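Pasting target_30.txt here (compact mmCIF, C-alpha atoms):
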```
# COMPACT_ATOMS: atom_id res chain seq x y z
CA MET I 7 142.24 153.80 51.05
CA PHE I 8 141.56 150.87 48.75
CA ALA I 9 144.44 148.42 48.49
CA ILE I 10 144.97 145.22 46.51
CA VAL I 11 147.37 142.75 48.10
CA ALA I 12 148.66 140.08 45.72
CA GLY I 13 149.90 136.97 47.49
CA GLY I 14 148.38 135.48 50.64
CA GLY I 15 151.51 134.10 52.28
CA LYS I 16 152.69 135.27 55.70
CA VAL I 17 153.63 138.71 54.44
CA GLY I 18 150.54 139.31 52.30
CA ALA I 19 148.06 138.03 54.88
CA THR I 20 149.63 140.08 57.66
CA VAL I 21 149.70 143.26 55.54
CA ALA I 22 146.05 142.74 54.54
CA ARG I 23 145.00 142.06 58.12
CA THR I 24 146.79 145.17 59.40
CA LEU I 25 145.31 147.42 56.71
CA LEU I 26 141.82 146.12 57.46
CA ARG I 27 142.30 146.69 61.16
CA ARG I 28 143.29 150.28 60.41
CA GLY I 29 140.02 150.77 58.57
CA HIS I 30 141.18 150.48 54.97
CA GLU I 31 139.43 148.55 52.23
CA VAL I 32 141.43 145.55 51.01
CA THR I 33 141.16 142.82 48.41
CA LEU I 34 143.64 140.00 48.99
CA VAL I 35 144.35 137.77 45.98
CA GLU I 36 145.70 134.25 46.48
CA GLN I 37 146.40 131.73 43.76
CA ARG I 38 146.69 128.47 45.72
CA ALA I 39 143.33 126.87 46.46
CA ASP I 40 144.38 125.32 49.78
CA ARG I 41 145.75 128.56 51.10
CA TYR I 42 142.73 130.47 49.79
CA GLU I 43 140.32 128.18 51.61
CA ARG I 44 142.16 128.61 54.87
CA LEU I 45 142.30 132.41 54.53
CA GLU I 46 138.71 132.69 53.34
CA GLN I 47 137.43 131.86 56.82
CA GLU I 48 139.18 134.95 58.11
CA PHE I 49 138.93 137.36 55.17
CA GLU I 50 135.53 136.26 53.77
CA HIS I 51 134.55 138.50 50.83
CA GLN I 52 137.83 140.41 51.06
CA ILE I 53 139.84 137.59 49.50
CA GLN I 54 139.66 136.26 45.95
CA LEU I 55 141.08 133.10 44.41
CA GLY I 56 143.17 133.69 41.32
CA ASP I 57 146.50 134.47 39.68
CA ALA I 58 147.10 138.18 40.17
CA THR I 59 149.25 138.32 37.04
CA GLU I 60 146.09 137.66 35.01
CA MET I 61 144.38 140.89 34.07
CA PHE I 62 140.84 139.63 34.59
CA VAL I 63 141.80 138.64 38.14
CA LEU I 64 143.19 142.11 38.84
CA GLU I 65 140.08 143.67 37.31
CA ARG I 66 137.77 141.44 39.33
CA ALA I 67 139.71 142.53 42.42
CA GLY I 68 138.85 146.12 41.51
CA ILE I 69 142.14 147.46 40.19
CA ALA I 70 140.39 149.73 37.67
CA ARG I 71 138.33 151.59 40.31
CA PRO I 72 141.26 152.47 40.65
CA ALA I 73 143.12 150.90 43.54
CA GLU I 74 145.11 153.49 45.42
CA ILE I 75 147.88 151.03 46.13
CA VAL I 76 148.89 147.60 44.87
CA ILE I 77 151.15 145.49 47.06
CA ALA I 78 152.80 142.62 45.16
CA VAL I 79 154.16 140.22 47.76
CA THR I 80 154.01 136.77 46.19
CA GLY I 81 156.92 134.39 46.62
CA ASP I 82 157.92 134.68 42.94
CA ASP I 83 159.85 137.70 41.75
CA GLU I 84 158.72 137.33 38.13
CA ASP I 85 155.10 137.51 39.32
CA ASN I 86 155.76 140.56 41.50
CA LEU I 87 157.53 142.22 38.58
CA VAL I 88 154.63 141.64 36.19
CA ILE I 89 151.97 142.62 38.76
CA GLY I 90 153.94 145.80 39.41
CA GLN I 91 154.34 146.59 35.74
CA LEU I 92 150.68 145.92 34.88
CA SER I 93 149.48 147.96 37.86
CA ARG I 94 151.61 150.96 37.01
CA GLU I 95 151.46 150.96 33.25
CA LYS I 96 148.14 149.40 32.31
CA TYR I 97 145.96 150.45 35.25
CA GLU I 98 147.90 153.60 36.20
CA VAL I 99 147.95 152.75 39.89
CA GLU I 100 150.00 155.47 41.52
CA ARG I 101 151.51 153.52 44.36
CA VAL I 102 152.99 150.08 43.88
CA ILE I 103 155.08 148.21 46.40
CA ALA I 104 156.78 144.99 45.34
CA ARG I 105 158.60 142.37 47.34
CA VAL I 106 162.01 141.22 46.15
CA ASN I 107 162.48 137.60 47.21
CA ASP I 108 165.95 137.11 45.75
CA PRO I 109 168.15 140.21 46.26
CA ARG I 110 169.92 139.44 42.98
CA ASN I 111 166.68 140.37 41.23
CA GLN I 112 166.70 143.93 42.62
CA GLN I 113 168.28 145.16 39.39
CA LEU I 114 165.34 143.74 37.44
CA PHE I 115 162.86 145.72 39.52
CA ASP I 116 164.96 148.81 38.80
CA LEU I 117 165.10 147.91 35.10
CA LEU I 118 161.33 147.60 34.87
CA GLU I 119 160.91 150.83 36.82
CA ILE I 120 159.20 149.51 39.91
CA PRO I 121 160.61 151.99 42.39
CA GLN I 122 159.28 150.82 45.74
CA THR I 123 160.65 147.46 46.69
CA VAL I 124 161.12 145.61 49.94
CA SER I 125 163.51 142.78 50.48
CA ALA I 126 163.67 140.91 53.76
CA THR I 127 167.13 139.55 52.97
CA GLN I 128 168.44 143.02 52.22
CA MET I 129 166.97 144.39 55.43
CA VAL I 130 168.51 141.65 57.54
CA LEU I 131 171.87 142.16 55.85
CA GLY I 132 171.60 145.91 56.46
CA LEU I 133 170.94 145.31 60.15
CA ILE I 134 173.88 142.93 60.40
CA GLU I 135 176.14 145.58 58.85
CA HIS I 136 175.05 148.03 61.54
CA GLU I 137 175.27 145.61 64.44
CA VAL I 138 178.50 143.84 63.60
CA PRO I 139 181.36 146.26 62.94
CA ALA I 140 183.42 144.41 60.38
CA HIS I 141 185.83 147.10 59.16
CA GLU I 142 183.95 147.23 55.93
CA LEU I 143 181.74 149.70 54.16
CA ILE I 144 178.40 150.13 55.91
CA HIS I 145 175.64 151.18 53.54
CA LEU I 146 173.65 153.82 55.39
CA LEU I 147 171.43 155.31 52.73
CA GLU I 148 170.63 154.71 49.13
CA LEU I 149 169.41 157.69 47.09
CA LYS I 150 167.72 155.85 44.24
CA LYS I 151 166.72 158.81 42.11
CA GLU I 152 170.10 160.45 42.37
CA ASN I 153 171.94 157.14 41.88
CA LEU I 154 174.11 157.87 44.91
CA GLU I 155 174.70 156.16 48.20
CA ILE I 156 176.08 157.21 51.54
CA VAL I 157 178.39 154.78 53.31
CA GLU I 158 180.22 154.73 56.62
CA VAL I 159 183.69 153.33 56.92
CA GLU I 160 186.21 153.16 59.75
CA ILE I 161 189.79 153.92 58.74
CA GLU I 162 191.92 150.89 59.49
CA PRO I 163 195.34 151.21 61.09
CA GLY I 164 197.93 151.03 58.33
CA ALA I 165 195.46 152.06 55.63
CA PRO I 166 196.88 154.50 53.04
CA ALA I 167 194.59 157.30 54.26
CA ALA I 168 195.70 157.13 57.91
CA GLY I 169 197.80 160.21 58.75
CA LYS I 170 196.94 161.97 55.46
CA ARG I 171 194.97 165.12 54.69
CA VAL I 172 191.74 164.70 52.72
CA ASP I 173 193.12 166.71 49.79
CA GLU I 174 196.12 164.38 49.61
CA LEU I 175 193.90 161.39 48.82
CA ALA I 176 193.42 160.43 45.19
CA LEU I 177 189.69 159.93 45.59
CA GLU I 178 188.04 159.99 42.19
CA ASP I 179 184.78 158.15 42.61
CA ALA I 180 183.81 159.34 46.09
CA ARG I 181 183.68 162.44 48.30
CA LEU I 182 184.15 162.41 52.06
CA ILE I 183 181.37 164.11 53.98
CA SER I 184 182.37 164.01 57.62
CA VAL I 185 184.79 162.54 60.10
CA LEU I 186 183.75 161.24 63.53
CA ARG I 187 186.57 161.00 66.09
CA ASP I 188 186.16 160.45 69.86
CA GLY I 189 182.44 161.03 69.54
CA LYS I 190 182.85 164.41 67.80
CA ALA I 191 181.95 164.89 64.17
CA GLU I 192 183.30 167.50 61.80
CA ILE I 193 182.71 168.23 58.13
CA ALA I 194 185.50 166.81 55.99
CA VAL I 195 187.38 169.59 54.17
CA GLY I 196 190.64 169.49 52.25
CA SER I 197 192.77 170.20 55.32
CA THR I 198 191.07 167.63 57.57
CA LYS I 199 193.68 165.16 58.75
CA LEU I 200 192.56 161.55 58.89
CA GLN I 201 193.58 159.04 61.54
CA ALA I 202 193.14 155.34 62.03
CA GLY I 203 189.89 154.70 63.87
CA ASP I 204 188.08 157.70 62.34
CA GLN I 205 184.53 156.97 61.25
CA VAL I 206 184.12 158.57 57.87
CA LEU I 207 180.93 159.21 55.94
CA ALA I 208 181.30 159.26 52.17
CA ILE I 209 179.02 159.74 49.20
CA LEU I 210 179.49 157.87 45.94
CA GLU I 211 177.79 156.12 43.05
CA PRO I 212 176.67 152.61 44.03
CA GLY I 213 179.20 150.00 42.97
CA ARG I 214 182.13 152.44 42.72
CA GLU I 215 183.55 151.62 46.11
CA ASP I 216 187.02 150.53 45.02
CA ASP I 217 188.70 153.89 45.78
CA LEU I 218 187.32 153.97 49.29
CA ARG I 219 188.27 150.40 50.02
CA ARG I 220 191.77 150.92 48.67
CA LEU I 221 192.49 154.09 50.64
CA LEU I 222 190.59 153.68 53.90
CA LEU I 223 190.90 149.98 54.50
CA LYS I 224 194.09 147.99 54.81
CA ARG I 225 193.87 145.85 51.71
CA MET F 14 174.69 135.00 13.41
CA ARG F 15 174.28 134.15 17.08
CA ALA F 16 171.01 133.17 18.71
CA ILE F 17 170.09 132.29 22.29
CA VAL F 18 167.06 130.18 23.08
CA VAL F 19 165.84 130.49 26.68
CA GLY F 20 163.64 127.56 27.72
CA CYS F 21 164.53 124.29 26.07
CA GLY F 22 161.23 122.46 26.13
CA ARG F 23 159.32 121.12 23.13
CA VAL F 24 159.13 124.53 21.49
CA GLY F 25 162.51 125.96 22.47
CA SER F 26 164.49 122.85 21.56
CA THR F 27 162.87 122.63 18.13
CA VAL F 28 163.57 126.29 17.42
CA ALA F 29 167.18 125.80 18.58
CA LYS F 30 167.73 122.74 16.39
CA THR F 31 166.13 124.33 13.33
CA LEU F 32 168.16 127.53 13.62
CA ALA F 33 171.36 125.51 14.15
CA GLU F 34 170.64 123.45 11.02
CA GLU F 35 170.20 126.70 9.12
CA GLY F 36 173.69 127.82 10.11
CA TRP F 37 173.04 129.87 13.25
CA ASP F 38 175.39 129.71 16.18
CA VAL F 39 172.86 128.71 18.87
CA THR F 40 173.11 128.50 22.65
CA ALA F 41 170.20 127.00 24.58
CA VAL F 42 169.47 127.90 28.21
CA ASP F 43 167.41 125.76 30.58
CA GLU F 44 167.10 125.31 34.32
CA SER F 45 167.35 121.58 34.03
CA GLU F 46 170.25 119.58 32.65
CA SER F 47 167.85 116.96 31.33
CA ALA F 48 166.62 119.45 28.74
CA LEU F 49 169.87 118.87 26.85
CA ALA F 50 168.50 115.48 25.79
CA ARG F 51 165.82 117.23 23.75
CA LEU F 52 168.51 118.73 21.54
CA GLY F 53 169.63 115.27 20.44
CA GLU F 54 173.01 113.58 20.26
CA ARG F 55 174.10 115.59 17.27
CA TRP F 56 173.80 118.93 19.10
CA ARG F 57 176.98 120.98 18.60
CA GLY F 58 175.67 124.30 19.89
CA GLY F 59 176.03 125.72 23.36
CA PHE F 60 174.03 124.74 26.42
CA VAL F 61 173.93 126.69 29.67
CA ILE F 62 172.16 125.46 32.80
CA GLY F 63 170.52 128.31 34.66
CA HIS F 64 167.46 130.50 35.08
CA GLY F 65 166.73 132.94 32.28
CA MET F 66 166.14 135.77 34.76
CA ASP F 67 169.66 135.35 36.09
CA VAL F 68 171.71 137.98 34.28
CA ALA F 69 174.94 136.03 34.87
CA THR F 70 173.42 133.02 33.10
CA LEU F 71 172.43 135.17 30.13
CA ARG F 72 175.95 136.61 29.97
CA GLN F 73 177.40 133.11 30.07
CA ALA F 74 175.15 132.21 27.14
CA GLY F 75 176.68 135.12 25.25
CA ILE F 76 173.83 137.65 25.30
CA GLU F 77 176.27 140.54 24.83
CA ASN F 78 177.03 139.31 21.31
CA ALA F 79 173.67 137.78 20.42
CA ASP F 80 171.79 138.87 17.31
CA ALA F 81 168.57 137.18 18.35
CA LEU F 82 166.94 135.80 21.48
CA VAL F 83 163.97 133.44 21.64
CA VAL F 84 162.18 133.17 25.00
CA ALA F 85 159.98 130.11 25.45
CA THR F 86 160.06 128.88 29.04
CA ASP F 87 156.84 127.48 30.48
CA GLY F 88 156.24 130.61 32.57
CA ASP F 89 154.69 133.66 30.93
CA ASN F 90 155.96 136.03 33.61
CA THR F 91 159.48 134.68 33.41
CA ASN F 92 159.33 135.13 29.63
CA ILE F 93 158.10 138.72 29.98
CA VAL F 94 160.96 139.59 32.31
CA VAL F 95 163.66 137.80 30.29
CA ALA F 96 162.54 139.47 27.06
CA GLN F 97 162.74 142.89 28.69
CA ILE F 98 166.20 142.18 30.13
CA ALA F 99 167.37 141.32 26.60
CA GLN F 100 165.79 144.46 25.17
CA LYS F 101 166.52 147.05 27.82
CA MET F 102 169.74 145.84 29.40
CA PHE F 103 171.50 144.24 26.43
CA ASP F 104 169.87 145.90 23.44
CA VAL F 105 169.51 142.61 21.53
CA ASP F 106 168.24 143.35 17.99
CA THR F 107 165.63 140.62 17.67
CA VAL F 108 163.77 139.39 20.74
CA VAL F 109 160.85 137.02 20.21
CA VAL F 110 158.82 135.84 23.17
CA ARG F 111 156.19 133.14 23.56
CA LEU F 112 153.29 134.04 25.88
CA LEU F 113 150.33 131.74 26.46
CA ASP F 114 147.99 134.33 28.01
CA PRO F 115 146.38 136.41 25.21
CA ALA F 116 145.72 139.37 27.55
CA ARG F 117 149.34 139.76 28.60
CA ALA F 118 150.37 139.03 24.98
CA ASP F 119 148.34 142.01 23.76
CA PHE F 120 149.56 144.32 26.49
CA TYR F 121 153.24 143.54 26.03
CA ALA F 122 152.98 143.56 22.23
CA GLY F 123 151.63 147.10 22.63
CA ARG F 124 154.73 147.96 24.64
CA GLY F 125 157.12 146.89 21.91
CA LEU F 126 157.76 143.20 22.56
CA ASP F 127 157.61 140.82 19.60
CA VAL F 128 155.08 138.36 21.06
CA VAL F 129 153.93 135.00 19.72
CA CYS F 130 150.75 133.73 21.41
CA PRO F 131 149.93 130.10 20.53
CA THR F 132 146.65 130.29 22.47
CA LYS F 133 145.43 133.05 20.21
CA THR F 134 146.55 131.17 17.10
CA ALA F 135 144.68 128.11 18.35
CA TYR F 136 141.35 129.80 18.99
CA GLU F 137 141.54 131.84 15.84
CA THR F 138 142.32 128.78 13.73
CA LEU F 139 139.65 126.65 15.42
CA THR F 140 137.02 129.33 14.91
CA GLU F 141 138.11 129.80 11.31
CA ARG F 142 137.78 126.06 10.57
CA VAL F 143 134.23 126.01 11.93
CA ARG F 144 133.32 129.07 9.87
CA ALA F 145 134.72 127.37 6.76
CA ALA F 146 132.57 124.29 7.45
CA ARG F 147 129.44 126.41 7.54
CA VAL F 148 130.35 127.99 4.21
CA ARG F 149 130.76 124.55 2.61
CA SER F 150 127.39 123.16 3.78
```
What does the file become when written as structure tokens?
Amino acid sequence: MFAIVAGGGKVGATVARTLLRRGHEVTLVEQRADRYERLEQEFEHQIQLGDATEMFVLERAGIARPAEIVIAVTGDDEDNLVIGQLSREKYEVERVIARVNDPRNQQLFDLLEIPQTVSATQMVLGLIEHEVPAHELIHLLELKKENLEIVEVEIEPGAPAAGKRVDELALEDARLISVLRDGKAEIAVGSTKLQAGDQVLAILEPGREDDLRRLLLKR
Amino acid sequence: MRAIVVGCGRVGSTVAKTLAEEGWDVTAVDESESALARLGERWRGGFVIGHGMDVATLRQAGIENADALVVATDGDNTNIVVAQIAQKMFDVDTVVVRLLDPARADFYAGRGLDVVCPTKTAYETLTERVRAARVRS
């Protein structure tokens, strides 16, 4: 595989190094001269100095061969967005992975149709949600194409849903999938009776969590 | 008519002042508060401190009701992203964007952005002047 890695910071250099070690061909592109000089000793002819948002730099790196994958991992989201867009739309690179530095910019990556993104902040937050039970919605899975997400939530004592049947809940924006009680899971149907402490899986459109919060949590 | 000018440097501030003098309701957006000084003491338009890529900042500047948006920060990539936010997310009628790199200017013009590229204007004009000199001699 031939990969172009844009951005020679910790992430970019490590990704490039790992790909090379696995036998892939890599061109790493770094814009800062001081960083380039340091990395050049290690990467030799596999690193180029330049701004990867400039087309001649991408072309010199071999993007038109074409590259099988472009990995945009600079520290600036606007640069990663433009590298991603140019790679996909001008050079028709099939696989593009972009780093989201500021999670608030995720919606911009979605807007500009850069589907594969990685965000360290988001990953850390996701892990915290799993590790620290906070009686809140835990985001388990995001189905990007379908615009749906699956969340887990524990029914709080005193919440409106505690003691009710599923079909008695006025859930408009979400559907319950399953209920986990005392280590045993069952599919949620209309007659399933909910109790405080139940771990419920639900599917819904991202951002439409108000119903779930209102009924399953004590707010 | 309402206009937003993102990037209040030499270019942006002049565009903002000119439009305001011509009767537009103008709001300028810049990351730095000191950019307000460029608009002069007589500035009566809006001024929002924030990054143009921050959707909340654009909303605060009134993008939902804007008729036109001028993007002229000093970063081409920021400008490219802001212009597309205005077009795709807020459906602003007129979006004009300044890009210094002629290659990106051509590519994004081909994708429907209204791009102004001063670099291109400069080299075209310079070349034209030299050609004209040869004709005269």
Which of I:Pro72, I:Gly81, I:Lys16, I:Asn86 sits closest to chain F [using only C-alpha atoms]:
I:Asn86
Specify the axis-aligned box that encloses all atoms of stretch 127-142 of chain F listed in the file after padding of 3 Å on each side, stating its centre and edge lengths in Å to one decimal as AutoDock Vina command-line options.
```
--center_x 147.3 --center_y 133.4 --center_z 16.5 --size_x 26.6 --size_y 20.8 --size_z 17.9
```
Near chain F, meaning an atom within 12 Å, which residues of chain I appear when counting only C-alpha atoms? Write them as a PyMOL selection string.
chain I and resi 57-64+82-93+95-97+108-119
Next, the residues of the selection above should be written as an mmCIF file, keeping the file's coordinate frame with C-alpha atoms.
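Writing done, so here's selection-v5.cif:
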```cif
data_model
loop_
_atom_site.group_PDB
_atom_site.id
_atom_site.type_symbol
_atom_site.label_atom_id
_atom_site.label_comp_id
_atom_site.auth_asym_id
_atom_site.auth_seq_id
_atom_site.Cartn_x
_atom_site.Cartn_y
_atom_site.Cartn_z
ATOM 1 C CA ASP I 57 146.500 134.470 39.680
ATOM 2 C CA ALA I 58 147.100 138.180 40.170
ATOM 3 C CA THR I 59 149.250 138.320 37.040
ATOM 4 C CA GLU I 60 146.090 137.660 35.010
ATOM 5 C CA MET I 61 144.380 140.890 34.070
ATOM 6 C CA PHE I 62 140.840 139.630 34.590
ATOM 7 C CA VAL I 63 141.800 138.640 38.140
ATOM 8 C CA LEU I 64 143.190 142.110 38.840
ATOM 9 C CA ASP I 82 157.920 134.680 42.940
ATOM 10 C CA ASP I 83 159.850 137.700 41.750
ATOM 11 C CA GLU I 84 158.720 137.330 38.130
ATOM 12 C CA ASP I 85 155.100 137.510 39.320
ATOM 13 C CA ASN I 86 155.760 140.560 41.500
ATOM 14 C CA LEU I 87 157.530 142.220 38.580
ATOM 15 C CA VAL I 88 154.630 141.640 36.190
ATOM 16 C CA ILE I 89 151.970 142.620 38.760
ATOM 17 C CA GLY I 90 153.940 145.800 39.410
ATOM 18 C CA GLN I 91 154.340 146.590 35.740
ATOM 19 C CA LEU I 92 150.680 145.920 34.880
ATOM 20 C CA SER I 93 149.480 147.960 37.860
ATOM 21 C CA GLU I 95 151.460 150.960 33.250
ATOM 22 C CA LYS I 96 148.140 149.400 32.310
ATOM 23 C CA TYR I 97 145.960 150.450 35.250
ATOM 24 C CA ASP I 108 165.950 137.110 45.750
ATOM 25 C CA PRO I 109 168.150 140.210 46.260
ATOM 26 C CA ARG I 110 169.920 139.440 42.980
ATOM 27 C CA ASN I 111 166.680 140.370 41.230
ATOM 28 C CA GLN I 112 166.700 143.930 42.620
ATOM 29 C CA GLN I 113 168.280 145.160 39.390
ATOM 30 C CA LEU I 114 165.340 143.740 37.440
ATOM 31 C CA PHE I 115 162.860 145.720 39.520
ATOM 32 C CA ASP I 116 164.960 148.810 38.800
ATOM 33 C CA LEU I 117 165.100 147.910 35.100
ATOM 34 C CA LEU I 118 161.330 147.600 34.870
ATOM 35 C CA GLU I 119 160.910 150.830 36.820
#
```
Applying 8 Å and only C-alpha atoms, which residues near stretch 51-59 of chain F remain after dropping the ones on its own chain fewer than 4 positions away? List them as an MDAnalysis selection string.
chainID F and resid 21:23 26:27 29:30 33 38:41 47 74
Within 8 Å of stretch 153-155 of chain I, counting all atoms listed in the file, which residues show up once you throw out same-chain ones fewer than 6 positions away? Write them as a compact mmCIF listing (two decimals) with C-alpha atoms, in the coordinates of the input, please.
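Ended up saving to out-v4.txt:
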```txt
# COMPACT_ATOMS: atom_id res chain seq x y z
CA HIS I 145 175.64 151.18 53.54
CA LEU I 146 173.65 153.82 55.39
CA LEU I 147 171.43 155.31 52.73
CA ILE I 209 179.02 159.74 49.20
CA LEU I 210 179.49 157.87 45.94
CA GLU I 211 177.79 156.12 43.05
CA PRO I 212 176.67 152.61 44.03
```
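With distances taken over only C-alpha atoms, F:Val61 is the one residue among F:Val143, F:Val128, F:Met14, F:Val61 lying closest to F:Val42.
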Using only C-alpha atoms: which of I:Ile103, I:Ala67, I:Ala165, I:Leu25 has the shortest distance to I:Leu221
I:Ala165
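The closest residue to F:Ile76, picked from F:Asp43, F:Asp119, F:Glu35, F:Arg15 and counting all atoms listed in the file, is F:Arg15.
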